[in-house]
file query09.txt (compact mmCIF, C-alpha atoms)
# COMPACT_ATOMS: atom_id res chain seq x y z
CA MET A 272 8.89 22.59 -9.06
CA ASN A 273 11.12 19.68 -10.05
CA LYS A 274 9.08 16.62 -9.14
CA HIS A 275 12.23 14.49 -9.07
CA ASP A 276 13.96 16.60 -6.44
CA PRO A 277 13.33 14.92 -3.06
CA HIS A 278 13.92 18.21 -1.29
CA GLU A 279 10.89 19.71 -3.01
CA GLN A 280 7.44 18.93 -1.66
CA PHE A 281 3.96 19.15 -3.10
CA ASN A 282 1.58 21.55 -1.44
CA LEU A 283 -0.51 18.66 -0.16
CA ASP A 284 -3.35 20.93 0.92
CA GLU A 285 -4.00 21.69 -2.75
CA LEU A 286 -4.25 18.05 -3.82
CA ARG A 287 -7.60 16.35 -4.19
CA ASP A 288 -8.14 13.00 -2.50
CA GLU A 289 -7.60 10.97 -5.68
CA THR A 290 -4.16 12.55 -6.14
CA LEU A 291 -3.30 12.68 -2.47
CA VAL A 292 -3.58 8.92 -1.95
CA VAL A 293 -1.17 8.35 -4.84
CA HIS A 294 1.41 11.10 -4.22
CA GLY A 295 0.96 12.24 -0.61
CA ASP A 296 3.85 10.05 0.58
CA ASP A 297 6.17 10.44 -2.43
CA TRP A 298 9.22 11.67 -0.50
CA VAL A 299 8.57 10.17 2.93
CA THR A 300 11.25 7.51 2.61
CA ASN A 301 13.29 8.98 -0.27
CA ASP A 302 14.65 5.58 -1.31
CA GLY A 303 14.21 5.99 -5.07
CA THR A 304 11.46 3.40 -5.43
CA VAL A 305 8.29 4.01 -7.41
CA ALA A 306 6.43 1.13 -5.76
CA PRO A 307 7.07 1.51 -2.02
CA ALA A 308 9.53 -0.92 -0.46
CA ILE A 309 8.64 -3.16 2.48
CA TYR A 310 11.06 -2.54 5.34
CA TYR A 311 10.75 -5.93 6.98
CA SER A 312 13.20 -5.31 9.79
CA ALA A 313 12.50 -5.24 13.50
CA THR A 314 15.49 -3.01 14.18
CA PHE A 315 17.69 -0.55 12.28
CA ARG A 316 21.45 0.05 12.27
CA ALA A 317 22.98 3.23 13.64
CA GLN A 318 26.16 4.49 11.97
CA ASN A 319 27.75 5.49 15.28
CA SER A 320 26.93 5.93 18.96
CA ALA A 321 25.88 9.55 18.50
CA GLN A 322 23.34 8.60 15.85
CA PHE A 323 22.09 5.73 18.03
CA ALA A 324 21.49 8.16 20.89
CA GLU A 325 19.61 10.46 18.53
CA MET A 326 17.44 7.58 17.26
CA ALA A 327 16.73 6.29 20.75
CA GLY A 328 15.77 9.72 22.00
CA THR A 329 13.45 10.66 19.12
CA SER A 330 9.76 9.92 19.60
CA ARG A 331 8.18 7.87 16.83
CA HIS A 332 11.50 7.47 15.02
CA PRO A 333 10.83 5.51 11.80
CA ARG A 334 14.22 3.72 11.74
CA TYR A 335 14.97 2.71 15.31
CA TYR A 336 12.73 -0.24 16.24
CA THR A 337 9.55 -1.25 14.44
CA ARG A 338 7.45 -1.20 17.62
CA TYR A 339 8.32 2.51 17.70
CA GLY A 340 7.99 3.12 13.95
CA ASN A 341 8.88 1.90 10.49
CA PRO A 342 9.39 3.63 7.11
CA VAL A 343 6.23 2.00 5.72
CA HIS A 344 4.28 3.23 8.74
CA GLU A 345 5.45 6.75 7.92
CA ARG A 346 3.96 6.56 4.43
CA VAL A 347 0.57 5.44 5.75
CA LYS A 348 0.58 8.05 8.52
CA LYS A 349 1.33 10.86 6.09
CA ILE A 350 -1.56 10.00 3.78
CA MET A 351 -4.03 9.39 6.60
CA ALA A 352 -3.23 12.67 8.38
CA GLU A 353 -3.75 14.54 5.13
CA LEU A 354 -7.02 12.72 4.36
CA GLU A 355 -8.44 13.45 7.81
CA GLY A 356 -6.99 16.96 8.04
CA THR A 357 -5.05 16.33 11.28
CA GLU A 358 -1.48 17.24 12.23
CA THR A 359 -0.31 13.64 12.34
CA ALA A 360 -1.39 10.02 12.66
CA LEU A 361 -0.39 6.76 14.36
CA VAL A 362 -0.84 3.19 13.15
CA THR A 363 -1.64 0.10 15.20
CA GLY A 364 -2.08 -3.63 14.67
CA SER A 365 -5.90 -3.44 14.63
CA GLY A 366 -8.79 -1.03 14.93
CA MET A 367 -9.47 -2.17 18.47
CA GLY A 368 -5.78 -1.68 19.23
CA ALA A 369 -6.25 1.95 18.17
CA ILE A 370 -9.40 2.41 20.27
CA ALA A 371 -8.08 0.68 23.40
CA THR A 372 -4.73 2.49 23.26
CA THR A 373 -6.43 5.86 22.86
CA LEU A 374 -8.90 5.32 25.70
CA LEU A 375 -6.29 3.95 28.10
CA THR A 376 -4.14 7.01 27.38
CA LEU A 377 -6.75 9.69 27.80
CA VAL A 378 -8.68 8.55 30.90
CA SER A 379 -7.63 7.53 34.41
CA ALA A 380 -9.26 6.15 37.55
CA GLY A 381 -11.86 8.60 38.81
CA ASP A 382 -12.61 10.01 35.37
CA HIS A 383 -15.96 9.85 33.63
CA VAL A 384 -16.60 8.88 29.99
CA ILE A 385 -19.71 9.41 27.90
CA ALA A 386 -20.32 6.87 25.14
CA GLN A 387 -23.20 5.76 22.97
CA THR A 388 -25.67 2.94 23.53
CA ARG A 389 -24.72 1.83 20.02
CA HIS A 390 -21.07 1.05 19.32
CA TYR A 391 -19.10 -1.66 17.62
CA MET A 392 -19.44 -4.66 19.93
CA SER A 393 -15.82 -4.64 21.16
CA THR A 394 -15.97 -0.92 21.87
CA ALA A 395 -19.18 -1.56 23.82
CA LYS A 396 -17.42 -4.21 25.90
CA ILE A 397 -14.61 -1.79 26.74
CA MET A 398 -17.21 0.68 27.98
CA ASP A 399 -19.26 -1.92 29.85
CA GLU A 400 -16.47 -4.03 31.33
CA MET A 401 -12.87 -2.83 30.93
CA LEU A 402 -13.02 0.85 31.87
CA PRO A 403 -15.15 0.27 35.00
CA ARG A 404 -12.58 -2.32 36.16
CA PHE A 405 -9.97 0.45 36.12
CA GLY A 406 -12.14 2.87 38.08
CA VAL A 407 -13.47 4.85 35.11
CA GLU A 408 -17.18 5.65 35.19
CA VAL A 409 -19.07 5.32 31.90
CA THR A 410 -22.47 6.71 30.97
CA LEU A 411 -24.17 5.42 27.81
CA VAL A 412 -26.50 7.80 25.98
CA GLU A 413 -28.81 7.64 22.99
CA GLN A 414 -26.62 9.12 20.27
CA ALA A 415 -29.48 10.64 18.30
CA ASP A 416 -30.44 12.80 21.30
CA ILE A 417 -27.92 15.60 21.77
CA SER A 418 -29.63 16.61 25.01
CA ALA A 419 -28.72 13.20 26.41
CA PHE A 420 -25.03 14.00 25.91
CA GLU A 421 -25.47 17.34 27.69
CA ALA A 422 -27.39 15.80 30.59
CA ALA A 423 -24.68 13.16 31.08
CA ILE A 424 -21.80 15.63 31.48
CA ARG A 425 -20.25 15.72 34.97
CA PRO A 426 -17.42 17.76 36.48
CA ASN A 427 -15.09 14.74 36.03
CA THR A 428 -16.10 13.99 32.41
CA LYS A 429 -12.84 13.71 30.48
CA LEU A 430 -13.85 12.09 27.19
CA ILE A 431 -16.81 11.56 24.87
CA MET A 432 -16.64 8.59 22.51
CA VAL A 433 -18.79 8.73 19.38
CA GLU A 434 -19.25 6.52 16.35
CA SER A 435 -21.18 7.75 13.34
CA PRO A 436 -22.74 6.00 11.53
CA ALA A 437 -22.90 3.44 14.34
CA ASN A 438 -22.28 -0.26 13.87
CA PRO A 439 -24.61 -2.05 13.19
CA THR A 440 -27.68 0.19 13.41
CA LEU A 441 -26.59 3.11 11.17
CA VAL A 442 -27.71 5.74 13.69
CA ILE A 443 -26.04 9.12 13.15
CA THR A 444 -24.39 11.33 15.79
CA ASP A 445 -24.42 15.11 15.38
CA LEU A 446 -20.66 15.54 15.62
CA ALA A 447 -20.59 19.33 15.58
CA ALA A 448 -23.18 19.50 18.36
CA VAL A 449 -21.19 17.08 20.55
CA VAL A 450 -18.04 19.15 20.01
CA GLU A 451 -19.94 22.32 20.91
CA LEU A 452 -20.82 20.75 24.26
CA ALA A 453 -17.36 19.33 24.90
CA ARG A 454 -14.90 22.02 23.86
CA PRO A 455 -15.79 24.76 26.40
CA ARG A 456 -15.51 22.15 29.16
CA GLY A 457 -12.14 20.80 28.04
CA ILE A 458 -13.61 17.37 27.21
CA ILE A 459 -11.80 15.36 24.54
CA VAL A 460 -13.99 14.00 21.73
CA VAL A 461 -12.95 10.75 20.04
CA ALA A 462 -14.76 9.57 16.89
CA ASP A 463 -14.72 6.16 15.26
CA ASN A 464 -14.93 7.10 11.56
CA THR A 465 -14.59 3.56 10.18
CA PHE A 466 -17.99 3.41 8.48
CA ALA A 467 -17.89 6.87 6.93
CA LEU A 468 -14.18 7.27 6.02
CA PRO A 469 -12.54 10.64 5.31
CA ILE A 470 -13.85 10.38 1.75
CA ASN A 471 -17.41 10.72 3.09
CA GLN A 472 -16.93 12.49 6.44
CA ARG A 473 -14.14 14.44 8.16
CA PRO A 474 -14.87 14.64 11.90
CA HIS A 475 -11.79 16.75 12.62
CA ASP A 476 -13.21 19.51 10.39
CA LEU A 477 -16.15 19.58 12.82
CA GLY A 478 -13.83 19.89 15.83
CA VAL A 479 -13.33 16.24 16.86
CA ASP A 480 -9.97 15.79 18.61
CA VAL A 481 -9.13 12.17 17.73
CA VAL A 482 -10.37 10.27 14.67
CA ILE A 483 -9.96 6.49 14.69
CA HIS A 484 -10.30 3.88 11.95
CA SER A 485 -10.31 0.15 11.78
CA ALA A 486 -8.14 0.13 8.66
CA THR A 487 -8.94 -3.57 8.34
CA LYS A 488 -12.11 -2.36 6.63
CA TYR A 489 -12.34 0.19 3.81
CA LEU A 490 -8.87 1.72 4.07
CA GLY A 491 -7.27 -1.65 3.32
CA GLY A 492 -10.20 -2.65 1.18
CA HIS A 493 -9.32 -6.25 0.30
CA HIS A 494 -9.99 -8.36 3.43
CA ASP A 495 -6.30 -9.27 3.70
CA LEU A 496 -4.94 -7.24 6.64
CA THR A 497 -5.71 -6.02 10.14
CA ALA A 498 -4.72 -2.49 11.10
CA GLY A 499 -5.81 0.60 13.00
CA VAL A 500 -5.19 4.31 12.47
CA ILE A 501 -5.35 7.20 14.95
CA CYS A 502 -5.48 10.73 13.44
CA THR A 503 -4.95 13.61 15.84
CA SER A 504 -2.74 16.50 16.97
CA GLU A 505 0.99 16.20 17.62
CA GLU A 506 0.41 16.68 21.34
CA LEU A 507 -2.19 13.92 21.70
CA ALA A 508 -0.29 11.64 19.32
CA GLU A 509 2.77 11.83 21.54
CA ARG A 510 0.74 10.86 24.60
CA ILE A 511 -1.03 8.01 22.81
CA TRP A 512 2.25 6.76 21.30
CA GLN A 513 3.79 6.44 24.76
CA THR A 514 0.97 4.06 25.69
CA HIS A 515 1.19 2.31 22.34
CA ILE A 516 4.83 1.30 22.75
CA SER A 517 3.99 -0.19 26.14
CA ILE A 518 0.89 -2.06 25.00
CA GLY A 519 2.58 -3.14 21.78
CA SER A 520 -0.30 -3.23 19.27
CA VAL A 521 2.22 -3.09 16.44
CA LEU A 522 1.34 -2.95 12.75
CA SER A 523 3.55 -5.34 10.81
CA PRO A 524 5.52 -3.89 7.87
CA MET A 525 3.68 -6.23 5.49
CA ASP A 526 0.24 -5.16 6.70
CA ALA A 527 1.36 -1.52 6.54
CA TRP A 528 2.38 -2.08 2.92
CA LEU A 529 -0.94 -3.76 2.12
CA LEU A 530 -2.74 -0.84 3.75
CA LEU A 531 -0.73 1.62 1.69
CA ARG A 532 -1.69 -0.29 -1.45
CA GLY A 533 -5.35 -0.17 -0.42
CA LEU A 534 -5.21 3.59 0.16
CA ARG A 535 -4.10 4.16 -3.43
CA THR A 536 -7.55 3.19 -4.75
CA LEU A 537 -9.68 4.35 -1.82
CA PRO A 538 -11.48 7.28 -3.52
CA LEU A 539 -12.24 5.19 -6.61
CA ARG A 540 -13.58 2.27 -4.58
CA ILE A 541 -15.70 4.46 -2.33
CA GLU A 542 -17.23 6.32 -5.27
CA ARG A 543 -18.47 3.00 -6.68
CA ILE A 544 -19.45 1.61 -3.29
CA ASN A 545 -21.47 4.71 -2.35
CA ALA A 546 -23.43 4.45 -5.60
CA ASN A 547 -24.00 0.70 -5.24
CA ALA A 548 -25.15 0.98 -1.63
CA LEU A 549 -27.68 3.72 -2.31
CA ALA A 550 -29.10 1.84 -5.31
CA LEU A 551 -29.36 -1.42 -3.36
CA ALA A 552 -30.96 0.29 -0.35
CA GLU A 553 -33.59 1.83 -2.63
CA PHE A 554 -34.18 -1.59 -4.22
CA LEU A 555 -34.62 -3.27 -0.83
CA GLU A 556 -37.22 -0.72 0.25
CA GLU A 557 -39.42 -1.93 -2.60
CA GLN A 558 -39.33 -5.62 -1.60
CA PRO A 559 -42.38 -7.03 0.24
CA GLN A 560 -40.21 -9.36 2.38
CA ILE A 561 -38.41 -6.39 3.94
CA GLU A 562 -39.79 -4.78 7.08
CA ARG A 563 -37.49 -1.75 7.08
CA VAL A 564 -34.20 -0.54 5.60
CA TYR A 565 -31.72 1.55 7.60
CA TYR A 566 -29.35 3.58 5.40
CA PRO A 567 -28.41 7.25 5.94
CA GLY A 568 -28.74 8.01 2.22
CA LEU A 569 -32.44 7.15 2.17
CA PRO A 570 -35.01 9.90 2.82
CA SER A 571 -36.75 7.36 5.08
CA HIS A 572 -33.80 7.37 7.48
CA PRO A 573 -34.90 9.48 10.47
CA GLN A 574 -31.60 11.39 10.42
CA HIS A 575 -31.25 11.78 6.67
CA GLU A 576 -31.03 15.59 6.86
CA LEU A 577 -28.27 15.42 9.49
CA ALA A 578 -26.41 12.86 7.37
CA LYS A 579 -26.59 15.21 4.39
CA ARG A 580 -25.16 18.05 6.48
CA GLN A 581 -22.11 16.26 7.85
CA MET A 582 -21.42 13.61 5.17
CA ARG A 583 -20.36 13.90 1.55
CA GLY A 584 -21.40 10.32 0.80
CA PHE A 585 -23.36 7.75 2.77
CA GLY A 586 -21.02 4.77 2.75
CA ALA A 587 -21.32 1.07 2.08
CA VAL A 588 -23.10 -0.33 5.11
CA MET A 589 -26.83 -0.76 5.46
CA ALA A 590 -29.05 -2.71 7.79
CA PHE A 591 -32.49 -4.12 7.13
CA ALA A 592 -35.08 -6.16 8.97
CA ILE A 593 -36.55 -9.28 7.40
CA LYS A 594 -40.27 -9.82 7.94
CA GLY A 595 -40.51 -12.70 10.40
CA GLY A 596 -37.91 -13.55 13.01
CA TYR A 597 -34.59 -15.23 13.63
CA GLU A 598 -35.25 -18.33 11.46
CA GLU A 599 -36.51 -16.37 8.44
CA THR A 600 -33.45 -14.16 8.64
CA GLN A 601 -31.16 -17.19 8.83
CA ARG A 602 -32.82 -18.63 5.71
CA PHE A 603 -32.30 -15.37 3.80
CA VAL A 604 -28.61 -15.13 4.68
CA SER A 605 -28.05 -18.82 3.86
CA ALA A 606 -29.76 -18.48 0.46
CA LEU A 607 -27.42 -15.77 -0.84
CA LYS A 608 -25.14 -17.16 -3.55
CA LEU A 609 -22.95 -14.24 -4.60
CA ILE A 610 -22.64 -12.37 -1.31
CA PRO A 611 -20.61 -14.31 1.31
CA ASN A 612 -21.82 -14.69 4.89
CA ALA A 613 -18.67 -13.49 6.65
CA VAL A 614 -17.65 -11.26 9.51
CA SER A 615 -16.14 -7.81 8.90
CA LEU A 616 -16.83 -5.40 6.05
CA GLY A 617 -15.24 -2.86 3.77
CA GLY A 618 -13.64 -4.92 1.02
CA ILE A 619 -14.11 -4.90 -2.71
CA ASP A 620 -16.63 -7.73 -2.30
CA SER A 621 -19.95 -7.44 -0.50
CA LEU A 622 -20.38 -9.26 2.82
CA VAL A 623 -23.48 -10.07 4.85
CA VAL A 624 -24.07 -11.08 8.48
CA HIS A 625 -27.13 -11.99 10.47
CA THR A 626 -26.42 -9.43 13.15
CA ALA A 627 -28.04 -11.21 16.08
CA ALA A 628 -26.20 -14.44 15.24
CA MET A 629 -22.85 -12.63 15.25
CA TRP A 630 -23.37 -10.34 18.23
CA GLU A 631 -24.80 -13.02 20.54
CA GLY A 632 -21.40 -14.72 20.67
CA VAL A 633 -19.76 -11.74 22.41
CA MET A 634 -22.60 -9.71 23.92
CA THR A 635 -25.14 -10.54 26.60
CA GLU A 636 -28.88 -10.37 25.84
CA GLU A 637 -29.07 -7.15 27.85
CA GLN A 638 -26.20 -5.58 25.89
CA MET A 639 -27.90 -6.56 22.62
CA ARG A 640 -31.18 -4.98 23.74
CA THR A 641 -29.31 -1.81 24.73
CA ALA A 642 -27.63 -1.72 21.33
CA GLY A 643 -30.99 -2.13 19.58
CA ILE A 644 -30.20 -5.40 17.79
CA PRO A 645 -33.40 -7.36 17.03
CA PRO A 646 -33.40 -11.03 15.93
CA ASN A 647 -34.38 -10.25 12.32
CA TYR A 648 -31.61 -7.72 11.63
CA VAL A 649 -29.21 -8.08 8.67
CA ARG A 650 -26.05 -6.00 8.11
CA LEU A 651 -24.86 -5.76 4.52
CA SER A 652 -21.58 -4.19 3.47
CA VAL A 653 -21.74 -3.39 -0.24
CA GLY A 654 -18.74 -3.89 -2.50
CA ILE A 655 -17.78 -2.90 -6.03
CA GLU A 656 -19.66 -5.65 -7.91
CA HIS A 657 -22.14 -4.71 -10.62
CA ILE A 658 -25.29 -3.42 -8.96
CA GLU A 659 -27.62 -5.57 -11.08
CA ASP A 660 -25.82 -8.73 -9.98
CA LEU A 661 -26.16 -7.69 -6.34
CA LYS A 662 -29.87 -6.99 -6.78
CA ALA A 663 -30.41 -10.37 -8.43
CA ASP A 664 -28.69 -12.25 -5.62
CA VAL A 665 -30.65 -10.42 -2.91
CA LEU A 666 -33.92 -10.95 -4.77
CA GLN A 667 -33.49 -14.72 -5.17
CA ALA A 668 -32.54 -15.02 -1.48
CA LEU A 669 -35.64 -13.08 -0.42
CA GLN A 670 -37.79 -15.32 -2.56
CA ALA A 671 -36.21 -18.36 -0.86
CA ILE A 672 -37.53 -17.31 2.55

call {"tool": "encode", "arguments": {"input": "query09.txt", "output": "structure tokens"}}
result
Amino acid sequence: MNKHDPHEQFNLDELRDETLVVHGDDWVTNDGTVAPAIYYSATFRAQNSAQFAEMAGTSRHPRYYTRYGNPVHERVKKIMAELEGTETALVTGSGMGAIATTLLTLVSAGDHVIAQTRHYMSTAKIMDEMLPRFGVEVTLVEQADISAFEAAIRPNTKLIMVESPANPTLVITDLAAVVELARPRGIIVVADNTFALPINQRPHDLGVDVVIHSATKYLGGHHDLTAGVICTSEELAERIWQTHISIGSVLSPMDAWLLLRGLRTLPLRIERINANALALAEFLEEQPQIERVYYPGLPSHPQHELAKRQMRGFGAVMAFAIKGGYEETQRFVSALKLIPNAVSLGGIDSLVVHTAAMWEGVMTEEQMRTAGIPPNYVRLSVGIEHIEDLKADVLQALQAI
């Protein structure tokens, strides 16, 4: 095969992730650039009226209007669909844009949705507040109990929303078991795969219909963009895209380019992050100031065996409980010198949050109790720093309590 012939294509199915993220989009735009260009244009010129009609009538056309698509979007979509093993992908302006657009497409008034008691806080608010306003019934179940999913199914159940590992508690959902319940009944399964990533977990391989990411996190990897990705079939993508162009959660060409740049190093970053996180979780378990550590890669995690079955790596995020209460936890977080106290996660640098302090700004006390967020809970997203430096910073902060 002549690599320089744009009409030739790699067999992408044969490429490993490290190669795929570098070459999976080589001929998507066919503009001769090695580093991808940024197509910072809201609209694109047609050569004649016939071509304009063709552009206007083509779904997800990459050179018609950037709310509909953009050449940089196409590069990201190609790589993400290949990484997740789906037919295609869509991009949005944020992870919540991806989740909201998907849910508003796939359910209608009178439908029933099953979701977890533990979700990212904004997803939880959609389930608790937004969908019921539109006449959609929602049942929340304990995600670790597959029988709870089965018991919640009704004749009008249209969708099951899962998130595994869940934010911020690191509880695991048995994805294959949920799919086994849903598929014979024609129920769509949507999975938020932000914490695990396709490097560590591929929900579509287990039968999940729609896989969603907040690309603001690990896919971008540098805390400098907001984006969302929806990986699914051509049929569902077309339906979701129709909602997307009406809602308008558009990914800017610059953020799409930054996301593409982040994807290039994703497997390398996650390999280091997985190793760092496991080592730090093991270190924390040995510290007398720690009440408990929650990390799927630890044998002490109650779902460790399930995590080993459906994950190739255990990710960057861990949670742990400080002995004491709210004030002791605040002192620990404030004493960290190397690890910033900042919202979000998934970059090259580690970030820490006092979970109760963050969640109480957007969730009621009842919602926090339902989500299992105690006052002494810390969420730590591990980066690519040297593990010994991370251990030293955590140790001195624990000693400062």

call {"tool": "atom_distance", "arguments": {"input": "query09.txt", "atom1": "CA of Gln574 (chain A)", "atom2": "CA of Asp660 (chain A)"}}
result
29.2 Å

call {"tool": "residues_around", "arguments": {"input": "query09.txt", "residues": "region 400-402 of chain A", "least_positions_apart": "4", "cutoff": "12 Å", "atoms": "all atoms listed in the file", "output": "number ranges by chain"}}
result
A: 371, 374-386, 392-396, 406-410, 634-635, 638

call {"tool": "closest_residue", "arguments": {"input": "query09.txt", "among": "A:Gln581, A:Thr363, A:Asn282, A:Ser418", "to": "Thr497 (chain A)", "atoms": "all atoms listed in the file"}}
result
A:Thr363

call {"tool": "closest_residue", "arguments": {"input": "query09.txt", "among": "A:Pro469, A:Pro426, A:Gly654, A:Pro567", "to": "Ile610 (chain A)", "atoms": "all atoms listed in the file"}}
result
A:Gly654

call {"tool": "atom_distance", "arguments": {"input": "query09.txt", "atom1": "CA of Glu509 (chain A)", "atom2": "CA of Met525 (chain A)"}}
result
24.2 Å

call {"tool": "residues_near_point", "arguments": {"input": "query09.txt", "point": "(-29.9, -2.2, -5.5)", "cutoff": "9 Å", "atoms": "only C-alpha atoms", "output": "list in words"}}
result
Asn547, Ala548, Leu549, Ala550, Leu551, Ala552, Glu553, Phe554, Leu555, Ile658, Glu659, Asp660, Leu661, Lys662, Ala663 and Val665 of chain A

call {"tool": "residues_around", "arguments": {"input": "query09.txt", "residues": "Val293 (chain A)", "least_positions_apart": "4", "cutoff": "10 Å", "atoms": "all atoms listed in the file", "output": "list in words"}}
result
Asp288, Glu289, Asp297, Ile350, Leu531, Arg532, Leu534, Arg535, Thr536 and Leu537 of chain A

call {"tool": "residues_around", "arguments": {"input": "query09.txt", "residues": "Asp664 (chain A)", "least_positions_apart": "6", "cutoff": "7 Å", "atoms": "only C-alpha atoms", "output": "mmCIF file with C-alpha atoms, in the frame of the given file"}}
result
data_model
loop_
_atom_site.group_PDB
_atom_site.id
_atom_site.type_symbol
_atom_site.label_atom_id
_atom_site.label_comp_id
_atom_site.auth_asym_id
_atom_site.auth_seq_id
_atom_site.Cartn_x
_atom_site.Cartn_y
_atom_site.Cartn_z
ATOM 1 C CA LEU A 607 -27.420 -15.770 -0.840
ATOM 2 C CA LYS A 608 -25.140 -17.160 -3.550
ATOM 3 C CA LEU A 609 -22.950 -14.240 -4.600
#

call {"tool": "closest_residue", "arguments": {"input": "query09.txt", "among": "A:Ile655, A:Val614, A:Ile458, A:Ala606", "to": "Gln670 (chain A)", "atoms": "all atoms listed in the file"}}
result
A:Ala606

call {"tool": "residues_around", "arguments": {"input": "query09.txt", "residues": "region 428-444 of chain A", "least_positions_apart": "4", "cutoff": "7 Å", "atoms": "all atoms listed in the file", "output": "VMD selection string"}}
result
chain A and resid 378 382 to 387 389 to 391 414 to 415 424 458 to 464 466 to 467 565 to 567 574 578 589 to 590 650

call {"tool": "atom_distance", "arguments": {"input": "query09.txt", "atom1": "CA of Gly618 (chain A)", "atom2": "CA of Ala546 (chain A)"}}
result
15.1 Å

call {"tool": "residues_around", "arguments": {"input": "query09.txt", "residues": "Gly596 (chain A)", "least_positions_apart": "5", "cutoff": "12 Å", "atoms": "all atoms listed in the file", "output": "PDB file with C-alpha atoms, in the coordinates of the input"}}
result
ATOM      1  CA  GLN A 560     -40.210  -9.360   2.380  1.00  0.00           C
ATOM      2  CA  ILE A 561     -38.410  -6.390   3.940  1.00  0.00           C
ATOM      3  CA  GLU A 562     -39.790  -4.780   7.080  1.00  0.00           C
ATOM      4  CA  GLN A 601     -31.160 -17.190   8.830  1.00  0.00           C
ATOM      5  CA  ARG A 602     -32.820 -18.630   5.710  1.00  0.00           C
ATOM      6  CA  PHE A 603     -32.300 -15.370   3.800  1.00  0.00           C
ATOM      7  CA  HIS A 625     -27.130 -11.990  10.470  1.00  0.00           C
ATOM      8  CA  ALA A 627     -28.040 -11.210  16.080  1.00  0.00           C
ATOM      9  CA  ALA A 628     -26.200 -14.440  15.240  1.00  0.00           C
ATOM     10  CA  PRO A 645     -33.400  -7.360  17.030  1.00  0.00           C
ATOM     11  CA  PRO A 646     -33.400 -11.030  15.930  1.00  0.00           C
ATOM     12  CA  ASN A 647     -34.380 -10.250  12.320  1.00  0.00           C
ATOM     13  CA  TYR A 648     -31.610  -7.720  11.630  1.00  0.00           C
ATOM     14  CA  VAL A 649     -29.210  -8.080   8.670  1.00  0.00           C
ATOM     15  CA  ILE A 672     -37.530 -17.310   2.550  1.00  0.00           C
TER      16      ILE A 672
END

call {"tool": "closest_residue", "arguments": {"input": "query09.txt", "among": "A:Thr388, A:Asp399, A:Ser621, A:Glu506", "to": "Gly492 (chain A)", "atoms": "all atoms listed in the file"}}
result
A:Ser621

call {"tool": "axis_aligned_box", "arguments": {"input": "query09.txt", "around": "region 325-329 of chain A", "padding_each_side": "5 Å", "output": "lines of an AutoDock Vina configuration file"}}
result
center_x = 16.5
center_y = 8.5
center_z = 19.6
size_x = 16.2
size_y = 14.4
size_z = 14.7

call {"tool": "residues_near_point", "arguments": {"input": "query09.txt", "point": "(5.3, -4.7, 19.0)", "cutoff": "12 Å", "atoms": "only C-alpha atoms", "output": "PyMOL selection string"}}
result
chain A and resi 313-314+336-341+362-364+368+514-524
